[in-house]
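Reviewing the structure listed below.
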Amino acid sequence: VSFIYFCSVYFPTCNPDYEYSRDLDFHGYPYEEHEVHTSDGYILSVIRIPAGRGEQEVTSRPPVLLMHSLADSGVFFVLHGAELSPAFYLVNNGYDVWLINIRGTSMSLQHETLDWELDREYWDFNWAGVTNDLQATIQYIIDNTNFDRVGVVTGSLTTPAFFIGTSTDPEWYNERVSVGIALGPVIHIESSPTLNANFMCHNPFLPDMLSNFGITYVYPPRGTPIGDIYQGTLNMVGAIMPTLHNLFISTSLIEDPKTYDPSTFANTASHVNEPVSTQIISHVFQNCRNGVFNYYDYGTERNLEEYGTETAPAIPLEDITIPMALFTATADGLDSVENDEWLEERLAGSLVFQQDYDMIGRDGFIAGSDMSYLTDVLELLNTYSPELESS
């Protein structure tokens with residue numbers, strides 16, 4: 001308790017009990033907290049920033065949904081200051097911004113019938129399950145705004161959920177999504193530029209170990225005793241020992257710390273490691289190890305129940321019909337030219353934009369030293385959101 005108190009008082013950016021209100025209130029943006037229920041009973045916390053800083057009257061703006069990466073939360077989109085944070089940047093340029101917190105994260109632990117602590121069934125989901133979060137949130141936004149379509153921006157390791165949804169139910173998304181923008185998408189990791197990534201992908205010991213010990217999720221949620229101790233420790237390291245934390249980023253997260261803005265590094269580093277279903281981790285490893293982008297492989301018996309086949313089928317990326325944009329990072333330790341080409345080939349029918357950005361890492365899209373890519377995001381949203389011209 002004393003340790004966490006010391007961390008929170010002397011290093012306020014690393015308070016484990018962070019709430020969106022701190023950054024939103026500090027920068028003067030109005031915000032709303034919404035509760036979204038999915039078709040399979042999960043209850044999500046979704047934050048809306050409907051207007052610019054200091055604005056008293058909320059005008060009608062075209063909506064855009066930002067979806068955080070794996071082990072992150074929507075808060076990552078507001079941690080880089082009022083001018084450079086992706087959420088604030090889009091609000092400043094006329095958009096109604098919605099931040100999703102996917103199932104299992106600290107802000108979205110609730111369920112209509114299941115308890116995340118007591119019921120193993122709560123954590124029985126992979127990327128296909130997270131598509132329900134996307135669909136429920138997109139429909140909720142449409143039902144609560146004057147617009148019939150939403151722009152969607154996804155980050156890194158949650159992009160698979162978006163691609164699963166848009167490829168398996170293209171008509172639904174085509175009617176409701178104006179454009180899909182993938183930041184540092186991690187879809188195909190057969191070849192990686194780093195030794196760590198290759199070692200992890202081709203050695204299944206981690207997911208197997210978690211499964212053998214009956215572990216259903218990793219990283220304790222914020223607001224729990226273990227979660228606060230864990231997060232407080234990690235946060236203090238990020239705040240007072242950036243060199244050590246940079247080493248952790250370089251080796252464990254496979255990221256070049258130079259791609260981060262040092263002025264906000266401690267703040268962003270103090271919010272990593274949100275709870276993650278071990279089934280999602282296994283899903284990543286399965287596809288990485290086999291060099292494919294398939295549905296989750298449950299084993300023969302359950303595969304027959306879920307898919308009607310003994311093996312997990314491939315996800316039909318070629319069936320995506322919404323305009324799709326790929327923002328790839330040259331400093332991304334999980335990505336490679338070969339992986340990008342593999343994805344671009346399968347999205348040839350829907351791809352409207354692809355750009356490699358120098359000295360941007362996978363998470364550098366959120367708090368990087370170079371955020372100029374946001375002008376390209378804005379141009380795409382303006383191009384594929386005709387509502388903006390008439391609003």
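Ordering of the structure tokens sets the chain letters (A, B, ...), residue numbers begin anew at 1 in every chain, and ligands are numbered from 1 in the order given.
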Output as a tab-separated table one row per residue of segment 292-336 of chain A within 6 Å of segment 181-186 of chain A: the closest atom pair and its distance in Å to one decimal place, counting only C-alpha atoms, sorted by chain and residue number ascending.
residue	atom	partner	partner_atom	distance
A:Ala325	CA	A:Ile181	CA	4.7
A:Leu326	CA	A:Ala182	CA	5.1
A:Phe327	CA	A:Leu183	CA	4.9
A:Thr328	CA	A:Gly184	CA	4.8
Output file for the residues above (N, CA and C atoms, as a compact mmCIF listing (two decimals), in the first residue's frame):
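result-v7.txt was written with the following content:
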# COMPACT_ATOMS: atom_id res chain seq x y z
N ALA A 325 -7.65 0.73 -45.40
CA ALA A 325 -6.37 1.43 -45.45
C ALA A 325 -5.40 0.77 -44.48
N LEU A 326 -4.16 0.55 -44.93
CA LEU A 326 -3.13 -0.07 -44.11
C LEU A 326 -2.01 0.92 -43.82
N PHE A 327 -1.76 1.16 -42.54
CA PHE A 327 -0.66 2.01 -42.10
C PHE A 327 0.38 1.09 -41.46
N THR A 328 1.50 0.87 -42.12
CA THR A 328 2.50 -0.06 -41.60
C THR A 328 3.73 0.70 -41.12
Residues within 9 Å of segment 65-73 of chain A, please, as a VMD selection string. Count only C-alpha atoms; anything in the same chain fewer than 2 positions from it doesn't count.
chain A and resid 63 75 to 77 86 to 87 96 to 102 105 to 107 134 137 to 138 141 150 to 159 219 271 to 276 363
May I have all residues of segment 120-186 of chain A that DSSP, computed from the backbone, assigns to alpha helix (DSSP H), given as a PyMOL selection string?
chain A and resi 127-143+159-168+170-176
Could those residues be written to a file, using N, CA and C atoms, as a short mmCIF file (atom, residue, chain, number, x, y, z; two decimals), in the first residue's frame?
data_model
loop_
_atom_site.label_atom_id
_atom_site.label_comp_id
_atom_site.auth_asym_id
_atom_site.auth_seq_id
_atom_site.Cartn_x
_atom_site.Cartn_y
_atom_site.Cartn_z
N TRP A 127 -10.43 -13.97 -31.09
CA TRP A 127 -10.71 -12.77 -31.90
C TRP A 127 -12.11 -12.78 -32.48
N ALA A 128 -12.64 -13.95 -32.80
CA ALA A 128 -13.99 -14.01 -33.35
C ALA A 128 -15.01 -13.50 -32.35
N GLY A 129 -14.77 -13.74 -31.06
CA GLY A 129 -15.66 -13.22 -30.03
C GLY A 129 -15.62 -11.71 -29.93
N VAL A 130 -14.43 -11.14 -30.12
CA VAL A 130 -14.29 -9.68 -30.02
C VAL A 130 -15.02 -8.97 -31.16
N THR A 131 -15.28 -9.68 -32.27
CA THR A 131 -16.07 -9.06 -33.33
C THR A 131 -17.46 -8.66 -32.83
N ASN A 132 -17.97 -9.40 -31.85
CA ASN A 132 -19.27 -9.02 -31.27
C ASN A 132 -19.18 -7.67 -30.58
N ASP A 133 -18.03 -7.37 -29.96
CA ASP A 133 -17.84 -6.06 -29.33
C ASP A 133 -17.91 -4.96 -30.38
N LEU A 134 -17.24 -5.19 -31.52
CA LEU A 134 -17.23 -4.21 -32.59
C LEU A 134 -18.63 -3.98 -33.15
N GLN A 135 -19.33 -5.06 -33.45
CA GLN A 135 -20.66 -4.92 -34.04
C GLN A 135 -21.61 -4.21 -33.09
N ALA A 136 -21.58 -4.59 -31.81
CA ALA A 136 -22.48 -3.96 -30.85
C ALA A 136 -22.18 -2.48 -30.70
N THR A 137 -20.90 -2.11 -30.69
CA THR A 137 -20.52 -0.71 -30.50
C THR A 137 -20.84 0.12 -31.74
N ILE A 138 -20.55 -0.43 -32.92
CA ILE A 138 -20.88 0.29 -34.16
C ILE A 138 -22.39 0.55 -34.24
N GLN A 139 -23.18 -0.48 -33.95
CA GLN A 139 -24.64 -0.31 -34.00
C GLN A 139 -25.11 0.69 -32.95
N TYR A 140 -24.49 0.66 -31.78
CA TYR A 140 -24.85 1.59 -30.71
C TYR A 140 -24.57 3.04 -31.15
N ILE A 141 -23.43 3.25 -31.77
CA ILE A 141 -23.09 4.60 -32.24
C ILE A 141 -24.10 5.08 -33.27
N ILE A 142 -24.45 4.23 -34.20
CA ILE A 142 -25.43 4.60 -35.23
C ILE A 142 -26.77 4.92 -34.60
N ASP A 143 -27.18 4.12 -33.61
CA ASP A 143 -28.46 4.33 -32.95
C ASP A 143 -28.49 5.61 -32.12
N THR A 159 -6.66 -5.63 -34.76
CA THR A 159 -7.09 -5.61 -36.16
C THR A 159 -7.63 -6.96 -36.62
N PRO A 160 -7.09 -8.11 -36.13
CA PRO A 160 -7.68 -9.39 -36.55
C PRO A 160 -9.18 -9.49 -36.30
N ALA A 161 -9.65 -8.95 -35.19
CA ALA A 161 -11.09 -9.01 -34.91
C ALA A 161 -11.88 -8.23 -35.95
N PHE A 162 -11.37 -7.08 -36.33
CA PHE A 162 -12.03 -6.26 -37.35
C PHE A 162 -12.04 -6.96 -38.70
N PHE A 163 -10.93 -7.59 -39.05
CA PHE A 163 -10.85 -8.29 -40.33
C PHE A 163 -11.73 -9.54 -40.34
N ILE A 164 -11.85 -10.20 -39.22
CA ILE A 164 -12.75 -11.35 -39.16
C ILE A 164 -14.19 -10.90 -39.39
N GLY A 165 -14.59 -9.83 -38.72
CA GLY A 165 -15.94 -9.33 -38.89
C GLY A 165 -16.23 -8.88 -40.31
N THR A 166 -15.34 -8.07 -40.88
CA THR A 166 -15.59 -7.51 -42.20
C THR A 166 -15.51 -8.54 -43.33
N SER A 167 -14.82 -9.65 -43.07
CA SER A 167 -14.72 -10.68 -44.10
C SER A 167 -15.82 -11.73 -44.01
N THR A 168 -16.31 -12.00 -42.80
CA THR A 168 -17.35 -13.02 -42.65
C THR A 168 -18.76 -12.44 -42.77
N PRO A 170 -19.55 -9.26 -44.67
CA PRO A 170 -19.20 -8.02 -45.40
C PRO A 170 -20.39 -7.10 -45.64
N GLU A 171 -21.56 -7.66 -45.86
CA GLU A 171 -22.73 -6.83 -46.15
C GLU A 171 -23.09 -5.96 -44.94
N TRP A 172 -23.04 -6.56 -43.74
CA TRP A 172 -23.38 -5.80 -42.52
C TRP A 172 -22.43 -4.61 -42.36
N TYR A 173 -21.13 -4.86 -42.51
CA TYR A 173 -20.15 -3.79 -42.32
C TYR A 173 -20.20 -2.78 -43.46
N ASN A 174 -20.47 -3.22 -44.66
CA ASN A 174 -20.52 -2.32 -45.80
C ASN A 174 -21.63 -1.28 -45.63
N GLU A 175 -22.70 -1.67 -44.97
CA GLU A 175 -23.82 -0.76 -44.73
C GLU A 175 -23.56 0.21 -43.58
N ARG A 176 -22.60 -0.12 -42.70
CA ARG A 176 -22.44 0.66 -41.48
C ARG A 176 -21.06 1.29 -41.28
#
Quick one: pull the distance between atom CA of Asp115 of chain A and atom CA of Asn303 of chain A, Å, one decimal.
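Between atom CA of Asp115 of chain A and atom CA of Asn303 of chain A the gap is 25.9 Å.
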Considering only C-alpha atoms, can you say which of A:Tyr298, A:Trp116, A:Tyr384, A:Trp342 comes closest to Ile43 of chain A?
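Closest residue, counting only C-alpha atoms: A:Trp116.
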Need the shell around Tyr307 of chain A: protein/DNA/RNA residues with any atom at most 10 Å away, counting only C-alpha atoms. Skip same-chain ones fewer than 5 positions apart. Format as a list of chain:residue names?
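In the requested form, the answer reads A:Tyr295, A:Asp297, A:Arg302, A:Ala312, A:Pro313.
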Can you work out the spacing between atom CA of Gln279 of chain A and atom CA of Glu345 of chain A in Å, to one decimal?
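We find that atom CA of Gln279 of chain A and atom CA of Glu345 of chain A lie 27.9 Å from each other.
Checking A:Tyr29, A:Phe147, A:Tyr42, A:Trp123 one by one against Asn92 of chain A, counting only C-alpha atoms, you find the shortest gap at A:Tyr29.
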Can you tell me how far atom CA of His34 of chain A sits from atom CA of Arg48 of chain A, in Å to one decimal?
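It comes out at 7.4 Å.
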Of the residues A:Thr216, A:Ser282, A:Gln354, A:Thr300, which is the one nearest to Leu118 of chain A, using only C-alpha atoms?
A:Thr216
